[in-house]
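**Student:** This is work29.cif (mmCIF, C-alpha atoms).
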```cif
data_structure
#
loop_
_atom_site.label_atom_id
_atom_site.label_comp_id
_atom_site.auth_asym_id
_atom_site.auth_seq_id
_atom_site.Cartn_x
_atom_site.Cartn_y
_atom_site.Cartn_z
CA MET A 1 2.46 -19.95 -11.12
CA THR A 2 2.56 -19.00 -7.42
CA VAL A 3 1.36 -15.43 -7.07
CA ALA A 4 2.48 -13.50 -3.98
CA THR A 5 -0.89 -11.87 -3.48
CA GLY A 6 -2.92 -11.07 -0.40
CA VAL A 7 -2.86 -8.51 2.36
CA ILE A 8 -2.04 -8.85 6.04
CA SER A 9 -4.59 -8.22 8.79
CA GLY A 10 -3.49 -8.26 12.42
CA VAL A 11 -4.56 -7.63 16.00
CA SER A 12 -2.48 -7.01 19.11
CA LEU A 13 -3.15 -7.23 22.82
CA ALA A 14 -0.03 -5.87 24.49
CA HIS A 15 1.10 -4.19 27.69
CA GLY A 16 0.43 -0.71 26.37
CA THR A 17 -3.32 -1.24 26.07
CA ALA A 18 -4.20 -4.54 27.73
CA SER A 19 -3.85 -5.83 31.29
CA VAL A 20 -1.79 -8.84 32.34
CA GLU A 21 -5.04 -10.72 32.97
CA GLN A 22 -6.35 -9.95 29.47
CA ILE A 23 -3.11 -10.99 27.78
CA GLU A 24 -3.01 -14.18 29.83
CA ALA A 25 -6.63 -14.96 28.89
CA ALA A 26 -5.90 -14.46 25.19
CA CYS A 27 -2.77 -16.63 25.06
CA VAL A 28 -3.13 -20.26 24.02
CA ALA A 29 -1.19 -23.32 25.08
CA ASP A 30 -0.17 -24.41 21.58
CA ASP A 31 1.07 -21.98 18.91
CA HIS A 32 0.74 -24.67 16.25
CA ALA A 33 -2.92 -25.28 17.02
CA ALA A 34 -3.61 -21.54 17.03
CA VAL A 35 -2.15 -21.15 13.53
CA GLU A 36 -4.03 -24.20 12.25
CA ALA A 37 -7.29 -22.73 13.60
CA LEU A 38 -6.65 -19.47 11.75
CA LEU A 39 -5.84 -21.31 8.52
CA ALA A 40 -9.14 -23.21 8.79
CA HIS A 41 -11.07 -20.00 8.08
CA ASP A 42 -12.22 -19.55 4.49
CA GLY A 43 -10.05 -17.11 2.56
CA VAL A 44 -7.04 -17.29 4.91
CA ARG A 45 -3.84 -18.18 3.03
CA GLU A 46 -1.22 -17.62 5.72
CA ALA A 47 -1.21 -17.12 9.50
CA VAL A 48 1.11 -16.63 12.46
CA CYS A 49 0.61 -16.23 16.21
CA LEU A 50 3.07 -14.32 18.43
CA GLN A 51 2.62 -14.58 22.20
CA THR A 52 4.84 -13.58 25.11
CA CYS A 53 4.18 -12.63 28.72
CA ASN A 54 3.47 -9.06 27.56
CA ARG A 55 1.69 -9.54 24.22
CA PHE A 56 -0.64 -11.70 22.17
CA GLU A 57 -0.79 -11.02 18.43
CA VAL A 58 -2.18 -12.83 15.39
CA TYR A 59 -1.73 -12.05 11.70
CA VAL A 60 -3.43 -13.58 8.66
CA VAL A 61 -3.07 -13.10 4.92
CA SER A 62 -6.16 -13.04 2.71
CA ASP A 63 -7.23 -11.57 -0.63
CA ASP A 64 -10.03 -9.60 1.03
CA PRO A 65 -8.88 -7.20 3.79
CA GLU A 66 -12.36 -7.15 5.34
CA ARG A 67 -12.41 -10.92 5.52
CA GLY A 68 -8.97 -10.97 7.10
CA ARG A 69 -10.01 -8.39 9.66
CA ASP A 70 -13.12 -10.40 10.57
CA VAL A 71 -10.97 -13.48 11.20
CA VAL A 72 -8.40 -11.83 13.46
CA THR A 73 -10.97 -9.80 15.43
CA SER A 74 -12.96 -12.98 16.09
CA VAL A 75 -9.97 -14.25 18.07
CA VAL A 76 -10.13 -11.28 20.48
CA GLU A 77 -13.83 -10.45 20.39
CA GLU A 78 -14.26 -11.10 24.13
CA PHE A 79 -11.92 -8.24 25.04
CA PRO A 80 -12.87 -4.53 25.20
CA ASP A 81 -12.07 -2.41 22.16
CA GLU A 82 -9.62 -0.25 24.10
CA ALA A 83 -7.46 -3.29 24.86
CA VAL A 84 -7.15 -4.35 21.21
CA VAL A 85 -5.09 -2.69 18.48
CA ASP A 86 -6.23 -3.42 14.91
CA LEU A 87 -3.44 -3.51 12.34
CA SER A 88 -3.88 -3.03 8.59
CA HIS A 89 -1.45 -4.46 6.03
CA GLU A 90 1.08 -1.63 6.20
CA GLU A 91 0.58 -1.15 9.95
CA SER A 92 1.31 -4.86 10.46
CA LEU A 93 4.53 -4.64 8.46
CA ARG A 94 5.81 -1.67 10.47
CA HIS A 95 4.60 -3.07 13.81
CA LEU A 96 6.39 -6.39 13.28
CA MET A 97 9.65 -4.51 12.68
CA ARG A 98 9.13 -2.39 15.80
CA VAL A 99 8.40 -5.49 17.87
CA ALA A 100 11.49 -7.32 16.62
CA CYS A 101 13.65 -4.25 17.36
CA GLY A 102 12.37 -4.04 20.94
CA LEU A 103 10.68 -0.67 20.44
CA GLU A 104 7.34 -2.12 21.59
CA SER A 105 8.78 -3.93 24.62
CA LEU A 106 8.35 -3.10 28.29
CA VAL A 107 12.11 -2.61 28.42
CA LEU A 108 13.11 -0.51 25.43
CA GLY A 109 15.43 -2.53 23.21
CA GLU A 110 15.28 -5.81 25.11
CA ASP A 111 16.52 -8.67 22.96
CA GLN A 112 14.44 -11.63 24.17
CA ILE A 113 11.59 -10.64 21.84
CA LEU A 114 13.73 -11.24 18.74
CA GLY A 115 14.05 -14.92 19.64
CA GLN A 116 10.33 -15.09 20.36
CA VAL A 117 9.55 -13.70 16.89
CA ARG A 118 11.79 -16.39 15.38
CA GLU A 119 10.01 -19.09 17.41
CA ALA A 120 6.58 -17.88 16.26
CA TYR A 121 7.79 -17.88 12.65
CA THR A 122 9.15 -21.44 12.97
CA ALA A 123 5.98 -22.72 14.63
CA ALA A 124 3.77 -21.20 11.92
CA ARG A 125 5.98 -22.56 9.13
CA SER A 126 5.80 -26.09 10.57
CA VAL A 127 2.01 -26.19 10.06
CA GLY A 128 1.92 -24.41 6.69
CA GLY A 129 1.15 -20.94 7.98
CA ILE A 130 4.00 -19.14 6.24
CA GLY A 131 3.69 -18.20 2.57
CA PRO A 132 5.33 -15.56 0.40
CA VAL A 133 3.70 -12.55 2.10
CA LEU A 134 4.42 -13.39 5.77
CA GLU A 135 7.79 -14.84 4.85
CA GLU A 136 8.93 -11.50 3.45
CA ALA A 137 7.37 -9.58 6.36
CA ILE A 138 8.77 -11.65 9.23
CA GLU A 139 12.19 -12.25 7.72
CA LYS A 140 12.48 -8.51 7.14
CA ALA A 141 11.44 -7.84 10.76
CA ILE A 142 14.05 -10.29 12.07
CA HIS A 143 16.72 -8.78 9.81
CA VAL A 144 15.96 -5.27 11.05
CA GLY A 145 15.89 -6.49 14.66
CA GLU A 146 19.36 -7.96 14.23
CA ARG A 147 20.65 -4.77 12.62
CA ALA A 148 19.20 -2.63 15.40
CA ARG A 149 21.19 -4.53 17.99
CA THR A 150 24.45 -4.70 16.06
CA GLU A 151 24.44 -1.20 14.57
CA THR A 152 23.02 0.81 17.50
CA GLU A 153 23.19 0.83 21.31
CA ILE A 154 19.48 0.06 21.70
CA GLY A 155 20.19 -2.99 23.86
CA GLU A 156 23.03 -1.65 26.02
CA GLY A 157 22.75 -0.76 29.68
CA VAL A 158 19.51 -0.66 31.69
CA VAL A 159 16.67 1.80 31.43
CA SER A 160 13.76 0.50 33.54
CA LEU A 161 13.53 0.68 37.31
CA GLY A 162 13.12 -3.08 37.46
CA SER A 163 16.28 -3.89 35.56
CA ALA A 164 18.16 -1.07 37.27
CA ALA A 165 17.22 -2.57 40.64
CA VAL A 166 18.72 -5.87 39.59
CA GLU A 167 21.91 -4.20 38.36
CA LEU A 168 22.21 -2.44 41.70
CA ALA A 169 21.68 -5.76 43.49
CA ALA A 170 24.40 -7.39 41.39
CA ASP A 171 26.80 -4.58 42.35
CA GLU A 172 26.19 -5.14 46.06
CA ARG A 173 25.65 -8.90 46.32
CA SER A 174 26.80 -12.11 44.69
CA LEU A 175 23.64 -13.43 43.04
CA ALA A 176 25.00 -16.76 41.84
CA GLU A 177 23.71 -18.75 44.82
CA ALA A 178 21.20 -16.25 46.15
CA THR A 179 17.43 -16.57 46.48
CA GLY A 180 15.52 -13.64 45.08
CA LEU A 181 12.08 -12.31 45.98
CA VAL A 182 10.03 -9.96 43.82
CA ILE A 183 6.98 -8.38 45.42
CA GLY A 184 4.45 -7.22 42.84
CA ALA A 185 3.41 -8.67 39.47
CA GLY A 186 2.87 -5.46 37.53
CA GLU A 187 5.12 -3.97 34.87
CA MET A 188 8.10 -3.19 37.09
CA GLY A 189 7.76 -6.41 39.06
CA THR A 190 7.68 -8.41 35.85
CA ILE A 191 10.82 -6.74 34.54
CA ALA A 192 12.60 -7.23 37.87
CA ALA A 193 11.65 -10.91 37.90
CA GLN A 194 12.87 -11.42 34.34
CA SER A 195 16.14 -9.63 35.10
CA LEU A 196 16.77 -11.48 38.37
CA ALA A 197 16.01 -14.82 36.74
CA ARG A 198 19.05 -14.40 34.48
CA SER A 199 21.38 -14.14 37.46
CA LEU A 200 20.15 -16.61 40.12
CA ASP A 201 18.80 -20.13 40.42
CA ARG A 202 15.77 -19.58 42.66
CA LEU A 203 13.11 -16.90 42.60
CA LEU A 204 9.96 -16.20 44.61
CA VAL A 205 7.21 -13.94 43.25
CA ALA A 206 4.68 -12.52 45.70
CA ASN A 207 1.50 -10.68 44.85
CA ARG A 208 -1.88 -9.91 46.38
CA THR A 209 -3.46 -11.93 43.56
CA GLU A 210 -1.49 -15.15 43.55
CA ALA A 211 -2.60 -16.05 40.02
CA ASN A 212 -0.80 -12.96 38.70
CA ALA A 213 2.32 -13.95 40.61
CA ALA A 214 2.07 -17.42 39.07
CA HIS A 215 1.80 -15.86 35.60
CA VAL A 216 5.09 -14.01 36.12
CA ALA A 217 6.76 -17.05 37.69
CA ASP A 218 5.79 -19.21 34.70
CA GLN A 219 7.43 -16.79 32.26
CA VAL A 220 10.94 -16.61 33.74
CA GLU A 221 13.78 -18.95 32.84
CA THR A 222 14.67 -20.22 36.31
CA ASP A 223 13.13 -22.12 39.24
CA ALA A 224 10.36 -19.72 40.28
CA THR A 225 7.52 -20.07 42.80
CA ALA A 226 4.46 -17.88 43.29
CA VAL A 227 3.39 -16.97 46.83
CA ALA A 228 0.47 -15.00 48.25
CA LEU A 229 1.05 -11.89 50.36
CA ASP A 230 0.00 -13.69 53.55
CA GLU A 231 3.04 -15.94 53.00
CA LEU A 232 5.34 -12.92 52.79
CA PRO A 233 7.08 -13.36 56.21
CA ASP A 234 8.32 -16.83 55.21
CA ALA A 235 9.34 -15.57 51.76
CA LEU A 236 11.33 -12.70 53.33
CA ALA A 237 13.10 -15.14 55.60
CA ALA A 238 14.12 -17.26 52.59
CA ALA A 239 15.27 -14.38 50.40
CA ASP A 240 18.72 -12.81 50.16
CA VAL A 241 17.67 -10.08 47.70
CA VAL A 242 14.24 -8.45 47.55
CA VAL A 243 12.86 -6.11 44.88
CA SER A 244 9.51 -4.63 45.86
CA ALA A 245 7.39 -2.93 43.18
CA THR A 246 3.71 -3.06 44.06
CA GLY A 247 1.10 -0.40 43.32
CA SER A 248 -0.29 -0.50 46.83
CA PRO A 249 -1.13 2.85 48.48
CA ASN A 250 -0.14 1.35 51.85
CA LEU A 251 2.97 -0.33 53.25
CA VAL A 252 3.23 -3.95 52.16
CA VAL A 253 6.19 -5.09 54.25
CA ASP A 254 6.27 -5.05 58.03
CA ALA A 255 9.45 -3.90 59.79
CA ASP A 256 9.16 -6.74 62.29
CA ASP A 257 9.03 -9.33 59.50
CA LEU A 258 12.14 -7.81 57.96
CA GLY A 259 13.88 -7.78 61.32
CA ALA A 260 13.18 -11.47 61.72
CA ALA A 261 14.68 -12.30 58.33
CA GLY A 262 18.35 -12.93 57.72
CA GLU A 263 20.80 -10.64 55.93
CA THR A 264 18.69 -8.95 53.27
CA LEU A 265 19.23 -6.41 50.52
CA PHE A 266 15.83 -4.75 50.11
CA ILE A 267 15.37 -2.54 47.03
CA ASP A 268 12.11 -0.60 47.19
CA ILE A 269 11.10 0.83 43.81
CA ALA A 270 7.43 1.29 44.65
CA GLN A 271 5.81 4.72 44.70
CA PRO A 272 4.62 5.15 47.45
CA ARG A 273 7.06 2.93 49.29
CA ASP A 274 6.34 -0.69 50.15
CA ALA A 275 8.70 -0.80 53.14
CA PRO A 276 8.76 1.53 56.18
CA ALA A 277 11.63 4.00 56.46
CA ALA A 278 12.44 2.44 59.83
CA ALA A 279 13.67 -0.67 58.01
CA ALA A 280 16.84 1.27 57.20
CA ASP A 281 17.75 1.13 60.90
CA LEU A 282 17.68 -2.66 61.05
CA ASP A 283 21.14 -4.22 61.34
CA ASN A 284 20.30 -7.11 59.02
CA VAL A 285 18.72 -5.02 56.25
CA ASP A 286 20.34 -2.87 53.59
CA LEU A 287 17.49 -0.69 52.30
CA ARG A 288 17.74 1.04 48.93
CA ASP A 289 15.09 3.31 47.40
CA LEU A 290 14.42 5.13 44.12
CA ASP A 291 17.11 7.72 44.76
CA ALA A 292 19.74 4.99 44.72
CA LEU A 293 18.71 3.98 41.21
CA GLU A 294 18.95 7.34 39.48
CA SER A 295 22.62 7.09 38.65
CA VAL A 296 22.10 3.59 37.24
CA THR A 297 19.28 4.57 34.87
CA ASP A 298 19.98 8.12 33.72
CA GLU A 299 22.94 7.42 31.45
CA THR A 300 21.51 4.31 29.78
CA ARG A 301 18.04 5.81 29.38
CA GLU A 302 19.49 8.64 27.32
CA ARG A 303 21.71 6.25 25.38
CA ARG A 304 18.77 4.06 24.44
CA ARG A 305 16.59 7.05 23.58
CA GLU A 306 19.17 8.23 21.06
CA ALA A 307 19.58 4.70 19.71
CA ALA A 308 15.80 4.31 19.41
CA ALA A 309 15.67 7.34 17.13
CA ARG A 310 18.26 5.72 14.86
CA VAL A 311 16.32 2.45 14.90
CA GLU A 312 13.13 4.31 13.93
CA ALA A 313 14.94 5.80 10.92
CA MET A 314 16.24 2.34 10.03
CA ILE A 315 12.70 0.95 10.17
CA ASP A 316 11.41 3.76 7.94
CA ARG A 317 13.96 2.89 5.27
CA GLU A 318 13.42 -0.86 5.49
CA PHE A 319 9.64 -0.40 5.50
CA ASP A 320 9.83 1.55 2.23
CA HIS A 321 12.08 -1.12 0.73
CA LEU A 322 9.68 -3.88 1.78
CA LEU A 323 6.64 -2.12 0.33
CA ALA A 324 8.49 -1.50 -2.93
CA HIS A 325 9.50 -5.18 -3.03
CA TYR A 326 5.90 -6.33 -2.55
CA LYS A 327 4.75 -4.01 -5.32
CA ARG A 328 7.45 -5.06 -7.76
CA ALA A 329 6.90 -8.74 -6.99
CA ARG A 330 3.15 -8.45 -7.56
CA ALA A 331 3.60 -6.63 -10.86
CA ASP A 332 6.42 -8.94 -12.01
CA GLU A 333 4.24 -12.02 -11.41
CA VAL A 334 1.57 -10.58 -13.69
CA ILE A 335 4.06 -9.43 -16.31
CA ALA A 336 5.72 -12.86 -16.37
CA SER A 337 2.33 -14.52 -16.88
CA MET A 338 1.49 -12.01 -19.61
CA TYR A 339 4.73 -12.72 -21.49
CA GLU A 340 4.34 -16.50 -21.07
CA ASN A 341 0.90 -16.38 -22.66
CA ALA A 342 2.13 -14.05 -25.42
CA GLU A 343 5.06 -16.37 -26.18
CA ARG A 344 2.76 -19.39 -26.44
CA MET A 345 0.48 -17.50 -28.81
CA LYS A 346 3.42 -16.23 -30.85
CA HIS A 347 4.90 -19.72 -31.30
CA ARG A 348 1.52 -21.15 -32.28
CA GLU A 349 0.75 -18.48 -34.86
CA LEU A 350 4.34 -18.31 -36.12
CA SER A 351 4.32 -22.06 -36.72
CA ARG A 352 1.14 -21.76 -38.77
CA ALA A 353 2.47 -18.82 -40.81
CA VAL A 354 5.82 -20.46 -41.51
CA SER A 355 4.12 -23.68 -42.59
CA LYS A 356 2.10 -21.77 -45.19
CA LEU A 357 5.08 -19.74 -46.40
CA GLU A 358 7.33 -22.79 -46.70
CA ALA A 359 4.95 -24.15 -49.30
CA ASP A 360 6.03 -21.25 -51.53
CA GLY A 361 9.73 -21.79 -50.89
CA LEU A 362 10.55 -19.77 -47.75
CA THR A 363 14.29 -19.07 -47.45
CA ASP A 364 16.22 -19.10 -44.18
CA ASP A 365 16.67 -15.32 -44.37
CA GLN A 366 12.96 -14.80 -44.93
CA ARG A 367 12.16 -17.15 -42.04
CA ALA A 368 14.47 -15.12 -39.78
CA VAL A 369 12.69 -11.89 -40.82
CA VAL A 370 9.29 -13.36 -40.00
CA GLU A 371 10.48 -14.65 -36.60
CA SER A 372 12.08 -11.28 -35.83
CA LEU A 373 8.82 -9.56 -36.76
CA ALA A 374 6.91 -11.81 -34.35
CA ASP A 375 9.39 -11.07 -31.53
CA THR A 376 9.20 -7.34 -32.17
CA LEU A 377 5.41 -7.36 -32.26
CA VAL A 378 5.25 -9.15 -28.88
CA SER A 379 7.79 -6.80 -27.30
CA GLN A 380 6.19 -3.62 -28.59
CA LEU A 381 2.62 -4.71 -27.94
CA LEU A 382 3.47 -5.64 -24.34
CA ALA A 383 5.70 -2.66 -23.59
CA ALA A 384 2.78 -0.34 -22.79
CA PRO A 385 0.86 -2.79 -20.54
CA THR A 386 4.13 -3.72 -18.81
CA LYS A 387 4.73 -0.09 -17.89
CA SER A 388 1.08 0.32 -16.87
CA LEU A 389 1.27 -2.69 -14.55
CA ARG A 390 4.43 -1.43 -12.86
CA ASP A 391 2.86 2.01 -12.47
CA ALA A 392 -0.27 0.37 -11.01
CA ALA A 393 1.83 -1.51 -8.47
CA GLU A 394 3.62 1.65 -7.37
CA ALA A 395 0.23 3.36 -6.99
CA ASP A 396 -1.27 0.41 -5.03
CA ASP A 397 -3.80 -0.05 -7.84
CA TRP A 398 -4.44 -3.72 -7.14
CA THR A 399 -7.67 -3.70 -9.16
CA THR A 400 -5.60 -3.28 -12.31
CA ILE A 401 -3.13 -5.93 -11.14
CA ASN A 402 -5.85 -8.46 -10.33
CA SER A 403 -7.64 -7.70 -13.61
CA ALA A 404 -4.44 -8.54 -15.47
CA LEU A 405 -4.04 -11.74 -13.47
CA ARG A 406 -7.56 -12.74 -14.42
CA LEU A 407 -6.83 -12.09 -18.10
CA PHE A 408 -3.45 -13.80 -18.35
CA ASP A 409 -3.69 -16.52 -15.68
CA PRO A 410 -7.10 -18.25 -15.69
CA SER A 411 -6.09 -20.31 -12.60
CA PHE A 412 -5.84 -17.17 -10.45
CA ASP A 413 -8.47 -17.42 -7.68
CA GLY A 414 -8.49 -13.81 -6.52
CA PRO A 415 -11.54 -11.57 -6.32
CA SER A 416 -13.66 -11.59 -9.46
CA ILE A 417 -13.19 -8.62 -11.77
CA PRO A 418 -16.00 -7.19 -13.93
CA GLU A 419 -15.67 -7.86 -17.63
CA PRO A 420 -14.48 -4.83 -19.64
CA GLU A 421 -17.19 -2.97 -21.51
CA THR A 422 -15.26 -2.96 -24.78
CA THR A 423 -12.49 -4.91 -26.47
CA GLU A 424 -11.52 -2.14 -28.87
CA VAL A 425 -7.77 -1.99 -29.52
CA SER A 426 -6.26 1.17 -28.10
CA ALA A 427 -4.63 3.82 -30.25
CA GLU A 428 -1.37 3.15 -28.44
CA THR A 429 -1.50 -0.55 -29.35
CA ARG A 430 -2.44 0.20 -32.97
CA HIS A 431 0.51 2.59 -33.19
CA ALA A 432 2.93 -0.03 -31.78
CA LEU A 433 1.69 -2.62 -34.26
CA ALA A 434 2.00 -0.25 -37.20
CA THR A 435 5.49 0.81 -36.18
CA ALA A 436 6.67 -2.78 -35.88
CA VAL A 437 5.28 -3.75 -39.31
CA ARG A 438 6.70 -0.61 -40.96
CA GLU A 439 10.20 -1.27 -39.50
CA HIS A 440 10.23 -4.76 -40.94
CA LEU A 441 8.91 -3.66 -44.31
CA ASP A 442 11.71 -1.11 -44.45
CA ASP A 443 14.20 -3.92 -43.89
#
```
Show how you would write the structure in this file as structure tokens.

**Tutor:**
Amino acid sequence: MTVATGVISGVSLAHGTASVEQIEAACVADDHAAVEALLAHDGVREAVCLQTCNRFEVYVVSDDPERGRDVVTSVVEEFPDEAVVDLSHEESLRHLMRVACGLESLVLGEDQILGQVREAYTAARSVGGIGPVLEEAIEKAIHVGERARTETEIGEGVVSLGSAAVELAADERSLAEATGLVIGAGEMGTIAAQSLARSLDRLLVANRTEANAAHVADQVETDATAVALDELPDALAAADVVVSATGSPNLVVDADDLGAAGETLFIDIAQPRDAPAAAADLDNVDLRDLDALESVTDETRERRREAAARVEAMIDREFDHLLAHYKRARADEVIASMYENAERMKHRELSRAVSKLEADGLTDDQRAVVESLADTLVSQLLAAPTKSLRDAAEADDWTTINSALRLFDPSFDGPSIPEPETTEVSAETRHALATAVREHLDD
């Protein structure tokens, strides 16, 4: 019997709490190897690793929540506590749904993450990391993510400054054969780079720390090159469209360098500005600032906010359904094992009784009465523990569930359960037995 037991433990390093450098340091080159390393830990039954340019997350399934937590935290122990989010079983279930729906993304509702969740699931499955617990959790997350995008407007329009800048650029320029330049590798620069990469064939990413620019360039789905800020004049000369989004307190772009470039659409979404106001007077430069983006973002921001509320309600419902499913499945596994053992015992004892009675000339009708009595005894004796097990599952009383597994399935390798202090038959069981015998005597 395969028992769908175990609890999920997870950790997350994501853009809300961790820096780009921390996320980059946590990520590994091979998802398959990462899952295999997690599975190598004692007590880990299942594992999955989800990593994108904005997050690194691992989840394991174990019988002991403390053991599971020790395993996942060991993966991120080099990072400060404030950068890491610990996720319990139920928190992991809800978080996976939120991630798949785009509610945890830099751009609210973005759809790329749904494909990345699928890829992580496939990679983990290929090395034996997916079992009954994570299978239910991740498939449910993917299902909810698909529903969120088909049943709400969570993915429509643009809501971030970075994506709004690209939409504005597309309205004013043909991007099909253009070269784009993004200055800045922070949150807005990353979004702008990802958005531009979908519309053009060549992209430059400039940043004071070139390694951060390279990180962004490696994540986009187009030909992208990282450049340092001291190479900015040449990059400006090569670019047709520029989106600048640094966090610098000082001007980053020189008016003379812009004047020496060709025809350029320069969208400055930095606060304070990256380009001097005088750049607007240059004949070869069309300068756009934050004010130009307001009309692009206001409508879609409100639309997505309303859609996000509907997605949250959807997640609440699906989360409750998933928890109820886990509970029913756990209890049903135990109940099935209990009935299997009872049936084996019934057939063994019934065979012995019938053999003895046949020696005295047992009729077919009498045999049927005896068999019916045995069936009734099993049903009535197990009715009370069946209800108790289902009640225990609903109440998250896994001690009772695991105790029953230990009693009825000797192969179960869960946590050891203390032996009961007494084996006295309960009054409820005695009453069920007496009732069953009395009914058959009345017949």

**Student:** Specify as a ChimeraX atom specification each residue included when the PyMOL selection byres ((chain A and resi 312) around 12) is applied to this file.

**Tutor:** /A:94-95,97-99,101-104,109,144-145,147-148,152,154,304-311,313-319

**Student:** Measuring atom to atom with only C-alpha atoms, identify which of A:Asp240, A:Glu90, A:Asp365, A:Asp234 is nearest to A:Ala178.

**Tutor:**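 Selected residue with least distance to A:Ala178: A:Asp240.
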
**Student:** What is the distance between atom CA of A:Ala47 and atom CA of A:Val7, in Å to one decimal?

**Tutor:**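 One can read the atom CA of A:Ala47 to atom CA of A:Val7 distance as 11.3 Å.
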
**Student:** Just checking: using only C-alpha atoms, which residue out of A:Val35, A:Ala342, A:Ala214, A:Val205 ends up closest to A:Asp375?

**Tutor:**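 The closest residue to A:Asp375 is A:Ala342.
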
**Student:** Applied to the shown file, which residues does the PyMOL selection byres ((chain A and resi 134) around 9) return, written as a ChimeraX atom specification?

**Tutor:** /A:8,46-48,59-61,121,129-133,135-139

**Student:** So which residues get picked by the PyMOL selection byres ((chain A and resi 179) around 9) here, written as a PyMOL selection string?

**Tutor:** chain A and resi 175-178+180-181+200-204+238-242

**Student:** I need the residue nearest A:Asp254 from this list: A:Arg118, A:His89, A:Arg273, A:His41. Use only C-alpha atoms for the distance.

**Tutor:**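 Using only C-alpha atoms, A:Asp254 sits closest to A:Arg273.
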
**Student:** What is the atom CA of A:Val166 to atom CA of A:Ala192 distance in Å?

**Tutor:**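 Computing the Euclidean distance for atom CA of A:Val166 and atom CA of A:Ala192 yields 6.5 Å.
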
**Student:** Can you tell me how far atom CA of A:Ala164 sits from atom CA of A:Gly115, in Å to one decimal?

**Tutor:**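 Computing it gives 22.8 Å between the two atoms.
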
**Student:** With all atoms listed in the file as the basis for distance, which of A:Ser199, A:Thr150, A:Asn54, A:Ser74 is at the shortest distance from A:Ser105?

**Tutor:**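 When distances to A:Ser105 are compared using all atoms listed in the file, the smallest one comes from A:Asn54.
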
**Student:** So, with all atoms listed in the file as the atoms that count, which of A:Ser372, A:Gly10, A:His32, A:Leu93 lies closest to A:Val58?

**Tutor:** A:Gly10

**Student:** Which is closer to A:Leu114 than all the others in A:Leu50, A:Ala368, A:Leu293, A:Ile183, using all atoms listed in the file?

**Tutor:**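 Of A:Leu50, A:Ala368, A:Leu293, A:Ile183, the one nearest A:Leu114 is A:Leu50, counting all atoms listed in the file.
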